[in-house]
Every structure is written in C-alpha cells, then in structure tokens.
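For reference, target20.txt is printed below; it contains compact mmCIF, C-alpha atoms.
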```txt
# COMPACT_ATOMS: atom_id res chain seq x y z
CA MET A 245 19.54 5.71 1.43
CA ILE A 246 20.74 3.58 -1.45
CA PRO A 247 20.05 -0.15 -1.82
CA ALA A 248 22.98 -2.54 -2.24
CA ALA A 249 23.73 -3.25 -5.89
CA PHE A 250 21.59 -5.84 -7.67
CA ASP A 251 20.73 -7.01 -11.16
CA TYR A 252 17.31 -6.06 -12.48
CA VAL A 253 15.21 -8.19 -14.83
CA ARG A 254 11.70 -7.40 -15.96
CA ALA A 255 9.60 -10.54 -16.35
CA GLY A 256 7.37 -10.70 -19.42
CA SER A 257 4.97 -13.30 -18.02
CA VAL A 258 4.35 -15.46 -14.97
CA ASP A 259 6.18 -18.35 -16.68
CA ASP A 260 9.10 -16.03 -17.38
CA ALA A 261 9.17 -14.91 -13.72
CA LEU A 262 9.13 -18.53 -12.51
CA ALA A 263 11.97 -19.44 -14.88
CA LEU A 264 14.00 -16.52 -13.56
CA LEU A 265 13.35 -17.60 -9.96
CA THR A 266 14.49 -21.13 -10.81
CA GLU A 267 17.59 -19.75 -12.52
CA HIS A 268 18.62 -17.45 -9.67
CA GLY A 269 17.27 -19.36 -6.66
CA GLU A 270 17.40 -17.75 -3.24
CA ASP A 271 19.44 -14.84 -4.57
CA ALA A 272 16.38 -13.52 -6.41
CA LYS A 273 13.39 -11.60 -5.10
CA LEU A 274 10.20 -10.72 -6.92
CA LEU A 275 9.49 -6.99 -7.13
CA ALA A 276 5.81 -6.07 -7.43
CA GLY A 277 4.83 -2.58 -6.25
CA GLY A 278 8.05 -2.42 -4.25
CA HIS A 279 6.55 -0.50 -1.35
CA SER A 280 7.60 -3.07 1.23
CA LEU A 281 10.70 -4.50 -0.43
CA LEU A 282 12.41 -1.30 -1.58
CA PRO A 283 12.29 0.38 1.87
CA MET A 284 13.87 -2.77 3.34
CA MET A 285 16.51 -2.76 0.61
CA LYS A 286 17.27 0.91 1.26
CA LEU A 287 17.87 0.01 4.92
CA ARG A 288 19.99 -2.95 3.73
CA LEU A 289 17.72 -5.28 5.68
CA ALA A 290 17.21 -7.06 2.36
CA MET A 291 20.00 -7.43 -0.19
CA PRO A 292 18.81 -9.63 -3.05
CA GLY A 293 21.28 -10.16 -5.89
CA VAL A 294 18.57 -10.15 -8.54
CA LEU A 295 15.26 -8.31 -8.65
CA VAL A 296 12.69 -9.91 -10.93
CA ASP A 297 10.19 -7.15 -11.68
CA VAL A 298 6.68 -8.57 -12.05
CA GLY A 299 4.99 -5.20 -11.50
CA ARG A 300 3.69 -4.94 -15.06
CA LEU A 301 2.17 -8.41 -15.34
CA THR A 302 -1.36 -7.12 -15.83
CA GLU A 303 -2.50 -10.74 -16.26
CA LEU A 304 -2.33 -10.96 -12.45
CA SER A 305 -4.38 -7.83 -11.81
CA TYR A 306 -8.07 -8.76 -11.59
CA VAL A 307 -11.05 -9.26 -9.30
CA ARG A 308 -13.61 -11.83 -10.39
CA VAL A 309 -16.41 -13.85 -8.91
CA ASP A 310 -15.84 -17.59 -9.18
CA GLY A 311 -18.67 -19.66 -7.71
CA ASP A 312 -18.88 -19.04 -3.98
CA GLN A 313 -15.48 -17.31 -3.96
CA VAL A 314 -13.94 -14.10 -5.22
CA ALA A 315 -10.57 -14.55 -6.94
CA VAL A 316 -8.16 -11.62 -6.73
CA GLY A 317 -4.98 -11.52 -8.81
CA ALA A 318 -1.85 -11.18 -6.68
CA LEU A 319 -0.77 -8.00 -8.45
CA THR A 320 -4.03 -6.17 -7.85
CA ARG A 321 -3.07 -2.87 -6.27
CA HIS A 322 -4.48 -1.68 -2.95
CA ARG A 323 -6.23 1.17 -4.74
CA GLU A 324 -8.04 -1.34 -6.96
CA VAL A 325 -8.91 -3.57 -4.00
CA GLU A 326 -10.39 -0.66 -2.05
CA SER A 327 -12.45 0.60 -4.99
CA SER A 328 -13.50 -2.70 -6.60
CA PRO A 329 -17.33 -2.86 -6.73
CA VAL A 330 -17.14 -6.68 -6.54
CA LEU A 331 -14.99 -6.66 -3.40
CA ARG A 332 -16.96 -3.84 -1.79
CA ALA A 333 -20.11 -5.92 -2.24
CA GLU A 334 -18.81 -9.45 -1.66
CA VAL A 335 -15.78 -9.03 0.64
CA PRO A 336 -16.20 -5.55 2.15
CA LEU A 337 -13.74 -6.28 4.97
CA LEU A 338 -10.90 -6.63 2.48
CA ALA A 339 -11.85 -3.47 0.55
CA HIS A 340 -12.03 -1.53 3.81
CA ALA A 341 -8.70 -2.87 5.07
CA ALA A 342 -7.05 -1.92 1.76
CA SER A 343 -8.35 1.63 2.13
CA LEU A 344 -6.39 1.96 5.39
CA VAL A 345 -2.99 0.85 4.06
CA GLY A 346 -0.36 3.60 4.12
CA ASP A 347 -1.53 6.62 2.13
CA PRO A 348 -2.92 7.25 -1.37
CA GLN A 349 0.48 7.25 -3.08
CA ILE A 350 1.42 3.95 -1.43
CA ARG A 351 -1.95 2.39 -2.32
CA ARG A 352 -1.41 3.22 -5.99
CA ARG A 353 1.78 1.12 -6.03
CA GLY A 354 1.43 -1.59 -3.39
CA THR A 355 -0.19 -4.92 -4.32
CA LEU A 356 -2.31 -7.38 -2.34
CA GLY A 357 0.00 -10.28 -3.14
CA GLY A 358 3.09 -8.27 -2.29
CA SER A 359 1.72 -7.35 1.12
CA LEU A 360 0.83 -10.98 1.88
CA VAL A 361 4.16 -12.44 0.77
CA HIS A 362 6.02 -9.74 2.71
CA GLY A 363 4.50 -11.29 5.84
CA ASP A 364 4.64 -8.26 8.13
CA PRO A 365 2.70 -9.22 11.29
CA ALA A 366 1.60 -5.59 11.75
CA ALA A 367 0.16 -5.19 8.26
CA ASP A 368 -3.54 -4.76 7.52
CA LEU A 369 -4.11 -7.07 4.59
CA PRO A 370 -2.56 -10.29 5.99
CA THR A 371 -4.78 -9.85 9.05
CA ALA A 372 -7.86 -9.31 6.91
CA VAL A 373 -7.13 -12.33 4.68
CA LEU A 374 -6.51 -14.49 7.77
CA ALA A 375 -9.85 -13.47 9.29
CA LEU A 376 -11.54 -14.15 5.95
CA ASP A 377 -10.15 -17.71 5.79
CA GLY A 378 -8.61 -16.85 2.43
CA VAL A 379 -6.71 -19.33 0.29
CA LEU A 380 -3.41 -18.40 -1.34
CA VAL A 381 -2.60 -19.89 -4.73
CA LEU A 382 1.11 -20.41 -5.37
CA ARG A 383 2.79 -21.38 -8.60
CA GLY A 384 6.22 -22.94 -8.82
CA PRO A 385 8.34 -25.32 -10.86
CA SER A 386 6.26 -28.28 -9.72
CA GLY A 387 2.93 -26.66 -10.53
CA ARG A 388 0.20 -24.98 -8.59
CA ARG A 389 -0.76 -25.44 -4.94
CA GLU A 390 -3.24 -23.83 -2.61
CA VAL A 391 -2.32 -22.85 0.94
CA PRO A 392 -4.95 -21.75 3.48
CA ALA A 393 -4.16 -18.41 5.12
CA THR A 394 -4.05 -20.22 8.48
CA GLU A 395 -0.94 -22.09 7.23
CA PHE A 396 0.62 -19.33 5.13
CA PHE A 397 2.23 -17.02 7.69
CA ALA A 398 5.28 -18.77 9.14
CA GLY A 399 7.08 -16.11 11.18
CA TYR A 400 8.34 -12.53 11.08
CA PHE A 401 8.43 -11.66 7.37
CA GLN A 402 8.27 -15.36 6.53
CA THR A 403 5.58 -17.23 4.64
CA ALA A 404 5.01 -20.66 3.13
CA THR A 405 6.13 -19.32 -0.27
CA GLY A 406 9.19 -21.24 -1.45
CA PRO A 407 12.16 -19.48 -3.08
CA GLU A 408 11.07 -20.68 -6.52
CA GLU A 409 7.38 -20.01 -5.99
CA MET A 410 5.16 -17.04 -6.74
CA LEU A 411 1.84 -16.07 -5.19
CA VAL A 412 -0.51 -15.66 -8.13
CA GLU A 413 -4.02 -15.47 -6.69
CA ILE A 414 -5.93 -14.94 -3.47
CA ARG A 415 -9.31 -16.67 -3.12
CA LEU A 416 -11.81 -15.31 -0.63
CA PRO A 417 -15.26 -16.50 0.41
CA ARG A 418 -18.18 -14.40 -0.81
CA LEU A 419 -19.65 -12.84 2.28
CA ALA A 420 -22.15 -10.29 0.97
CA GLY A 421 -24.40 -9.33 3.85
CA ALA A 422 -22.19 -10.94 6.50
CA SER A 423 -21.36 -8.53 9.27
CA TRP A 424 -17.76 -7.55 9.87
CA GLY A 425 -15.53 -5.14 11.79
CA PHE A 426 -12.00 -3.82 11.38
CA GLU A 427 -10.11 -1.84 14.00
CA LYS A 428 -6.66 -0.37 13.46
CA PHE A 429 -5.05 1.52 16.32
CA THR A 430 -2.36 4.00 15.32
CA ARG A 431 -0.99 7.20 16.79
CA ARG A 432 -0.15 8.95 13.52
CA ALA A 433 -1.35 9.03 9.94
CA ASN A 434 0.49 6.54 7.76
CA ASP A 435 1.59 4.24 10.60
CA TRP A 436 1.31 0.49 10.92
CA ALA A 437 -1.19 -0.78 13.46
CA ILE A 438 0.10 -0.84 17.03
CA VAL A 439 -2.59 -3.52 17.26
CA GLY A 440 -5.21 -4.32 14.64
CA VAL A 441 -8.28 -6.58 14.66
CA ALA A 442 -10.34 -8.00 11.81
CA ALA A 443 -13.62 -9.74 12.63
CA VAL A 444 -15.98 -11.42 10.21
CA ASP A 445 -18.47 -14.25 10.34
CA GLY A 446 -17.42 -15.45 13.80
CA ARG A 447 -13.70 -15.33 13.01
CA VAL A 448 -11.22 -12.86 14.55
CA ALA A 449 -7.63 -12.11 13.48
CA LEU A 450 -5.08 -9.91 15.24
CA ALA A 451 -2.30 -7.75 13.80
CA ASN A 452 0.96 -7.12 15.65
CA MET A 453 0.25 -9.47 18.56
CA GLY A 454 3.14 -11.83 17.68
CA GLY A 455 5.46 -12.86 14.88
CA THR A 456 2.62 -13.47 12.45
CA PRO A 457 -0.96 -12.29 12.16
CA LEU A 458 -2.88 -14.54 14.56
CA ARG A 459 -6.37 -15.90 14.95
CA ALA A 460 -7.93 -15.16 18.35
CA THR A 461 -8.92 -18.79 18.80
CA ALA A 462 -10.19 -18.48 22.39
CA THR A 463 -12.49 -15.65 21.32
CA GLU A 464 -13.71 -17.62 18.31
CA ARG A 465 -14.48 -20.68 20.47
CA ALA A 466 -16.39 -18.51 22.95
CA LEU A 467 -18.42 -16.93 20.17
CA ALA A 468 -19.18 -20.35 18.70
CA SER A 469 -20.52 -21.50 22.05
CA GLY A 470 -22.79 -18.47 22.33
CA ALA A 471 -20.78 -16.17 24.63
CA ALA A 472 -21.61 -12.47 24.74
CA VAL A 473 -19.36 -10.17 22.73
CA ALA A 474 -17.80 -8.59 25.83
CA ASP A 475 -16.99 -11.99 27.33
CA ALA A 476 -15.55 -13.38 24.10
CA ALA A 477 -13.48 -10.24 23.48
CA ALA A 478 -11.95 -10.50 26.95
CA LEU A 479 -10.17 -13.67 25.73
CA ALA A 480 -8.67 -12.09 22.59
CA ASP A 481 -5.08 -11.93 23.84
CA GLN A 482 -5.00 -15.53 25.07
CA GLY A 483 -2.27 -17.54 23.43
CA THR A 484 -0.54 -14.46 21.97
CA GLU A 485 3.01 -13.32 22.66
CA PRO A 486 3.10 -9.66 21.69
CA GLY A 487 6.37 -7.76 21.67
CA ALA A 488 7.17 -4.47 23.38
CA ASP A 489 8.57 -1.46 21.51
CA MET A 490 8.53 2.33 21.66
CA HIS A 491 4.86 2.34 20.70
CA ALA A 492 3.46 -0.05 23.30
CA SER A 493 4.36 -2.38 26.15
CA THR A 494 3.31 -6.01 26.11
CA ASP A 495 0.52 -5.35 28.61
CA TYR A 496 -0.78 -2.39 26.63
CA ARG A 497 -0.87 -4.49 23.46
CA ARG A 498 -2.87 -7.15 25.30
CA HIS A 499 -5.28 -4.46 26.50
CA LEU A 500 -5.64 -3.12 22.96
CA ALA A 501 -6.28 -6.59 21.56
CA ARG A 502 -9.16 -7.13 24.00
CA LEU A 503 -10.58 -3.63 23.53
CA LEU A 504 -10.31 -3.54 19.74
CA THR A 505 -11.75 -7.05 19.46
CA ARG A 506 -14.77 -5.89 21.44
CA ARG A 507 -15.17 -2.89 19.14
CA ALA A 508 -14.73 -4.98 16.00
CA LEU A 509 -17.22 -7.58 17.21
CA THR A 510 -19.68 -4.89 18.24
CA ALA A 511 -19.45 -3.40 14.76
CA ALA A 512 -19.74 -6.89 13.33
CA SER A 513 -22.89 -7.60 15.33
CA GLY A 514 -24.64 -4.72 13.58
CA PRO A 515 -26.75 -5.29 10.48
CA SER A 516 -24.01 -4.76 7.86
CA GLY A 517 -20.72 -3.93 9.50
CA PRO A 518 -19.40 -0.45 10.29
CA MET B 138 21.08 -0.64 -17.84
CA ARG B 139 19.36 1.74 -20.23
CA VAL B 140 16.04 3.35 -19.37
CA ARG B 141 13.78 5.34 -21.64
CA VAL B 142 11.59 7.76 -19.74
CA THR B 143 9.53 10.69 -20.94
CA VAL B 144 10.13 13.42 -18.38
CA ASN B 145 7.93 16.52 -18.59
CA GLY B 146 7.25 15.73 -22.24
CA GLU B 147 10.90 15.21 -23.18
CA GLN B 148 11.92 11.71 -24.28
CA ARG B 149 15.16 10.66 -22.63
CA GLU B 150 17.37 7.61 -22.72
CA ASP B 151 19.93 7.22 -19.96
CA GLU B 152 22.36 4.63 -18.66
CA VAL B 153 21.58 4.01 -14.99
CA GLU B 154 22.43 1.59 -12.21
CA PRO B 155 19.48 -0.72 -11.47
CA ARG B 156 19.47 0.53 -7.87
CA LEU B 157 19.05 4.18 -8.86
CA LEU B 158 15.86 5.56 -7.32
CA LEU B 159 13.52 7.59 -9.48
CA ALA B 160 13.92 10.57 -7.13
CA HIS B 161 17.70 10.52 -7.64
CA TYR B 162 17.27 9.98 -11.38
CA LEU B 163 15.10 13.08 -11.65
CA ARG B 164 17.35 15.24 -9.47
CA GLU B 165 20.81 14.10 -10.49
CA VAL B 166 20.51 12.65 -13.99
CA CYS B 167 17.77 14.93 -15.32
CA GLY B 168 18.85 17.93 -13.23
CA LEU B 169 15.31 18.57 -12.02
CA ARG B 170 15.80 19.60 -8.41
CA GLY B 171 12.20 20.61 -7.76
CA THR B 172 11.43 17.11 -6.51
CA ASN B 173 12.64 17.07 -2.91
CA ILE B 174 13.74 14.11 -0.84
CA GLY B 175 12.61 14.50 2.74
CA CYS B 176 12.28 11.38 4.87
CA ASP B 177 13.54 8.85 2.29
CA THR B 178 11.23 6.27 3.92
CA THR B 179 7.98 6.61 1.90
CA SER B 180 6.41 8.72 4.63
CA CYS B 181 6.65 12.45 3.97
CA GLY B 182 5.59 12.75 0.33
CA ALA B 183 8.07 15.53 -0.59
CA CYS B 184 9.26 13.39 -3.52
CA THR B 185 5.77 12.87 -5.01
CA VAL B 186 5.73 12.94 -8.81
CA ASP B 187 3.31 11.75 -11.45
CA VAL B 188 4.11 8.44 -13.17
CA ASP B 189 1.74 7.45 -15.98
CA GLY B 190 -1.04 9.56 -14.55
CA GLU B 191 -0.66 8.57 -10.92
CA ALA B 192 0.91 10.49 -8.04
CA VAL B 193 3.55 8.25 -6.43
CA LYS B 194 6.51 8.63 -4.08
CA SER B 195 9.64 8.66 -6.22
CA CYS B 196 11.96 7.70 -3.33
CA THR B 197 10.34 4.26 -3.43
CA VAL B 198 10.33 3.63 -7.16
CA LEU B 199 13.37 2.54 -9.14
CA ALA B 200 14.26 4.43 -12.28
CA ALA B 201 14.28 0.95 -13.84
CA GLN B 202 10.61 0.51 -12.90
CA ALA B 203 9.82 3.77 -14.69
CA ASP B 204 11.38 2.54 -17.93
CA GLY B 205 8.81 3.21 -20.65
CA SER B 206 6.80 5.57 -18.46
CA GLU B 207 5.78 9.20 -18.65
CA VAL B 208 6.86 11.19 -15.61
CA THR B 209 5.72 14.68 -14.70
CA THR B 210 7.52 16.64 -11.98
CA ILE B 211 6.68 20.01 -10.47
CA GLU B 212 8.76 21.62 -13.25
CA GLY B 213 6.42 20.13 -15.83
CA LEU B 214 3.16 21.43 -14.37
CA ALA B 215 3.28 25.02 -15.58
CA GLY B 216 2.43 25.81 -19.18
CA ALA B 217 5.14 26.36 -21.79
CA ASP B 218 4.55 30.10 -21.44
CA GLY B 219 5.25 29.85 -17.71
CA GLU B 220 1.62 30.18 -16.72
CA LEU B 221 1.17 28.40 -13.42
CA HIS B 222 -0.95 25.28 -13.19
CA PRO B 223 -4.20 26.10 -11.34
CA MET B 224 -2.94 24.12 -8.33
CA GLN B 225 0.30 26.10 -8.20
CA ALA B 226 -1.64 29.36 -8.59
CA ALA B 227 -4.00 28.35 -5.79
CA PHE B 228 -1.11 27.51 -3.45
CA ARG B 229 0.29 30.98 -4.13
CA ALA B 230 -3.04 32.78 -3.79
CA GLU B 231 -4.00 30.97 -0.58
CA HIS B 232 -0.49 31.07 0.87
CA GLY B 233 -0.39 27.27 1.10
CA LEU B 234 3.26 27.15 2.09
CA GLN B 235 5.86 28.63 4.37
CA CYS B 236 9.34 27.17 3.93
CA GLY B 237 8.31 25.49 0.68
CA PHE B 238 10.13 22.20 1.14
CA CYS B 239 7.00 20.04 1.06
CA THR B 240 5.36 22.17 -1.63
CA PRO B 241 6.42 20.35 -4.83
CA GLY B 242 5.25 17.02 -3.45
CA MET B 243 2.16 18.57 -1.91
CA VAL B 244 1.16 20.14 -5.23
CA MET B 245 1.79 16.92 -7.16
CA ALA B 246 -0.20 14.88 -4.61
CA ALA B 247 -3.02 17.43 -4.73
CA VAL B 248 -3.14 17.25 -8.53
CA GLY B 249 -3.34 13.44 -8.18
CA LEU B 250 -6.08 13.78 -5.59
CA LEU B 251 -8.25 15.93 -7.86
CA ARG B 252 -7.81 13.44 -10.68
CA ASP B 253 -9.44 10.80 -8.46
CA ASN B 254 -11.92 13.17 -6.84
CA PRO B 255 -12.47 16.46 -8.68
CA ASP B 256 -14.53 18.08 -5.92
CA PRO B 257 -13.27 16.85 -2.54
CA SER B 258 -14.70 17.99 0.77
CA GLU B 259 -12.34 19.43 3.35
CA ALA B 260 -12.19 16.02 5.07
CA GLU B 261 -11.45 14.31 1.75
CA VAL B 262 -8.62 16.75 1.04
CA ARG B 263 -7.13 16.04 4.46
CA SER B 264 -7.31 12.26 4.04
CA GLY B 265 -6.24 12.52 0.40
CA LEU B 266 -3.05 14.33 1.46
CA GLU B 267 -2.40 11.93 4.34
CA GLY B 268 0.86 10.90 2.69
CA ASN B 269 2.31 14.43 2.60
CA PHE B 270 3.77 16.12 5.65
CA CYS B 271 4.09 19.88 6.11
CA ARG B 272 5.89 20.93 9.26
CA CYS B 273 5.20 24.66 8.91
CA THR B 274 1.66 25.53 8.03
CA GLY B 275 -0.65 23.35 10.09
CA TYR B 276 -2.21 22.39 6.74
CA HIS B 277 -5.11 24.86 6.87
CA ASN B 278 -3.98 27.00 3.96
CA ILE B 279 -2.93 23.93 1.97
CA VAL B 280 -6.42 22.47 2.31
CA ARG B 281 -7.89 25.84 1.36
CA ALA B 282 -5.63 26.01 -1.69
CA VAL B 283 -6.62 22.54 -2.91
CA ARG B 284 -10.31 23.34 -2.56
CA ALA B 285 -9.83 26.66 -4.33
CA ALA B 286 -7.99 24.91 -7.14
CA ALA B 287 -10.77 22.33 -7.40
CA ALA B 288 -13.39 25.07 -7.62
CA GLY B 289 -11.36 26.83 -10.31
CA MET B 290 -10.66 23.68 -12.30
CA ASN B 291 -14.17 22.23 -12.23
CA GLY B 292 -15.73 22.43 -15.63
CA THR B 293 -12.48 23.50 -17.24
CA GLY B 294 -10.66 20.18 -16.80
CA ALA B 295 -7.40 19.38 -15.09
CA ARG B 296 -4.28 19.92 -17.13
CA ALA B 297 -1.96 17.34 -15.62
```

Conversion result in structure tokens:
Amino acid sequence: MIPAAFDYVRAGSVDDALALLTEHGEDAKLLAGGHSLLPMMKLRLAMPGVLVDVGRLTELSYVRVDGDQVAVGALTRHREVESSPVLRAEVPLLAHAASLVGDPQIRRRGTLGGSLVHGDPAADLPTAVLALDGVLVLRGPSGRREVPATEFFAGYFQTATGPEEMLVEIRLPRLAGASWGFEKFTRRANDWAIVGVAAVDGRVALANMGGTPLRATATERALASGAAVADAAALADQGTEPGADMHASTDYRRHLARLLTRRALTAASGPSGP
Amino acid sequence: MRVRVTVNGEQREDEVEPRLLLAHYLREVCGLRGTNIGCDTTSCGACTVDVDGEAVKSCTVLAAQADGSEVTTIEGLAGADGELHPMQAAFRAEHGLQCGFCTPGMVMAAVGLLRDNPDPSEAEVRSGLEGNFCRCTGYHNIVRAVRAAAAGMNGTGARA
C-alpha cells in the first residue's frame, strides 16, 4: 500500500514546525513516530498535502518532575515512557499502559503525544491520560494553552488541537503510592483493546466504549459515595454508546466494561496496584 | 527529494519520492530483497530492520524519515567473510524456520531484543517477539534459537 503523494518537510524546531503549520494550514499534518498516521495514509484514510516531520525534535523528548506534577514531552516514545524510572515511580499507570501498546518495534517509534493527538478511542494511552486527569499543553500561533484531558478528546480521531497547533507537553499528577489498575481485553497479540479500563485514585476511564475515551462517571460517583467495588463497577457502562463490530456486539462491550472495571478497581484497591 | 542513508555500512544518496516507504527503498532502490513485506499494516514484522540501533518495522517508516540514519538489513548481519551472525547461526542450528518468509524480520527483531535484554527468559523472548508472526513453526524453535544465541553471545558482545 502506497500513501497518496505529499510534500515532506523536516522541522528544525518547535517554532519552525508551528510556522510550517501556519503556512500550510489544514493541508499539513505533523509526523512524529508515524505509527498511527502512516498506516492511515497507506489506506488513504488520511491524505495530507504536506507532512511536517517533528520526529527528531529531541527538545520535546523528556520526563521531568515539576512540583506536584510530572511533565512529559510530547515526542517521548512509548519505549521511554514504559521504562522511565520517574514515571514508573510517580505515574505507574502510564508506564504500564505504554508497555502494552502494539509491540516492541512500534513502541520504539510511537510517541505519547502522537497517540493522544491521533485520538483513537480504542487506544491505551488516551484512556490512561484521561483516568489520570492529565493536562495537555498546546502551542500555536497565539501562544500556549492548557487543555484538561476531559476536554481534549472531541470525537472519533478528533481532538481539541487546532490545525495550527501542536501538542508539546503532557502534565500528569504525581501519584506515587496511589493504587491503580489497567485492564486491556484483546483476542490476539498486537491488537487494540476490544474494551479497556484504566482506574486510579477513584477515577475510571474506558477505551472503545464510544467515539472517544470516556470517564465512567456513574462508577466514579458511586465510589465517591462509598459504594463497594462490585456495585460501582456494575454502573461502568452507564452513559456509554459502544459500537458493534466483528470483535464484539454492543451488549458484549457493555459486559466487558463492567467486568474489566471490577477487575481494575479490585487491582486498584490493593496496596500498590497490580 | 534526496536522502542520504548508510545501508549495511555503505553510504548512499538517492533521489526518492517523499511517500516512498523504507521497506520499498531497501528492496527496490537498494536491491536488498532480504527484507520481506508481509502484512503491510505494521503487524507481522517481516519487514523489521535496524535503524540507528533500533529494530523497527520498515513498512511504517518513510525513506525520508531515515535520511541521515544508519540502516542494517538481514544482508548486513553476517561478517564480511560470510560468517553468519550468532543469531543467524542459532536459527540454522535450532531449525528456527520452515518457509523462511518471516525469518529476516524475526532475526532482526531478535537481535534488537537481545540489545535491550541480553539474557531473556523464554517468556521474555515470546513477549519480545510479539510483533513478529510466523505461520509455520509454532514459534518453539524460534524461541529456542534466540535463547541459544543469547547464551552464545553473552560475554562476547553482540555484533549488530
């Protein structure tokens, strides 16, 4: 499979990338690791006229503690997220979720920011960042703005990122010692979650239960009011509108959401997660 | 556009279309047909090559992205005298293949795995090769070959 023709420009800096986005507008797409975008381009589901390659902007590859948050550069690769001592200690849910993305070759190329901006509702990292109450830092022609994860995912493969904006950093609360759970149900190695659940600190997010990753708000309210795990988990599919496909019917997805939420919360109620 | 890539130690400069995939660059421009294209959807791993010291799937990398990089393919693993890389030798000794289609990618992924983890357990080999599909062998001999190669390479250092 061959992508449709495009022009390729390698950005030398974030400012350079932003200038190129302003110059080319909606015809341009940023290319980071390319492991979501290039497969879509090969299927001609995406046909940008200009690819702005930001994959070598090492200035956006970092993990650092900043007060009560951990700041992760948008171009930090999955492999670095999964193996980062800081993230494994302070945000272990994110490191664990990164270790389950695709396979080792994919994790060496794919980036945290790329996965988030891609906005796939079945993906692991958007679900983890949503459960973590992460904040996404965007830069654009009018400066820098911060968008909470709860407002970032707008629809199937759509996010709050404007055509002239770039996700530059992801900020996550430090949760060392907080219990957490992550459940990803697949039938084969390398697959996306048929349903996935991330639970941490009383918050629960669902993968592939609608057009975006979703918070299981009924479950969260029940937990906040002291409900038992089994009772709270039984509400996990409330308010969701999962699709049906060759992997699962709507009813089966609802069942999985309840079951996996119970498992994730049970793991999260242990002393230090799974 | 022009790309400069060092392929198996040889510096090259080629005129390519921006949309040319690294797998096609290696096979059609460089004439190195050892790198196979199986699924073409980043799943099967047959196209795995080494880019700047990391095993990646070349069907999902643009030749343009590899501009300035060093690429090693299965053809570049053996020594100049034709002596097989320890991983290749182990695949032969342990019969880690049948039809051979997945083998170049499997060997390149296994070399990448040992770079990250020089002495993997059987379970770690299986998860480390999660991105490479073999439809013939049932994987047992492949896993055995990787562990044999690891045992042979430990203390002597990996070559690729």

**OP:** Identify every residue of chain B that has at least one atom within 7 Å of any atom of chain A, counting all atoms listed in the file, and report the result as a ChimeraX atom specification.
**Re:** /B:155-156,177-178,192-194,197,265,267-268

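Atom CA of Val325 of chain A lies 5.4 Å from atom CA of Ala339 of chain A.
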
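With all atoms listed in the file as the basis for measurement, A:Ala333 is the residue among A:Ala460, A:Ala468, A:Ala366, A:Ala333 that approaches Ala422 of chain A most closely.
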
Original post:
Which polymer residues have any atom within 9 Å of an atom of segment 499-512 of chain A, counting only C-alpha atoms, with same-chain residues fewer than 4 positions away left out, as a ChimeraX atom specification?
Top reply: /A:422-429,438-446,448-451,453,463,473-481,494-495,516-518

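All residues of protein, DNA or RNA that reach within 8 Å of segment 168-172 of chain B, judged by only C-alpha atoms and not counting those fewer than 3 positions away in the chain, are B:Ala160, B:Leu163, B:Arg164, B:Glu165, B:Ala183, B:Cys184, B:Thr185, B:Val186, B:Thr210, B:Ile211, B:Glu212, B:Pro241, B:Gly242.
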
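Excluding Val248 of chain B and any residue on its chain fewer than 4 positions from it, the residues at most 7 Å away by all atoms listed in the file are Met224, Val244 and Arg252 of chain B.
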
Original post:
Separation of atom CA of Ser343 of chain A and atom CA of Leu331 of chain A, in Å?
Top reply: 12.0 Å

Original post:
Counting all atoms listed in the file, what is within 10 Å of Arg388 of chain A, bar same-chain residues fewer than 6 positions away, as a PyMOL selection string?
Top reply: chain A and resi 381-382+409-412

Subject >> Exercise: Leu199 of chain B partners within 7 Å, only C-alpha atoms, chain neighbours under 3 positions left out, as a list in words >> reply: Arg156, Leu157, Leu158, Leu159, Gln202 and Ala203 of chain B

**OP:** Could you pull out every residue with an atom within 12 Å of (3.1, 8.1, -17.6), file coordinates, counting only C-alpha atoms, and send them as a ChimeraX atom specification?
**Re:** /B:141-148,186-193,202-210,297
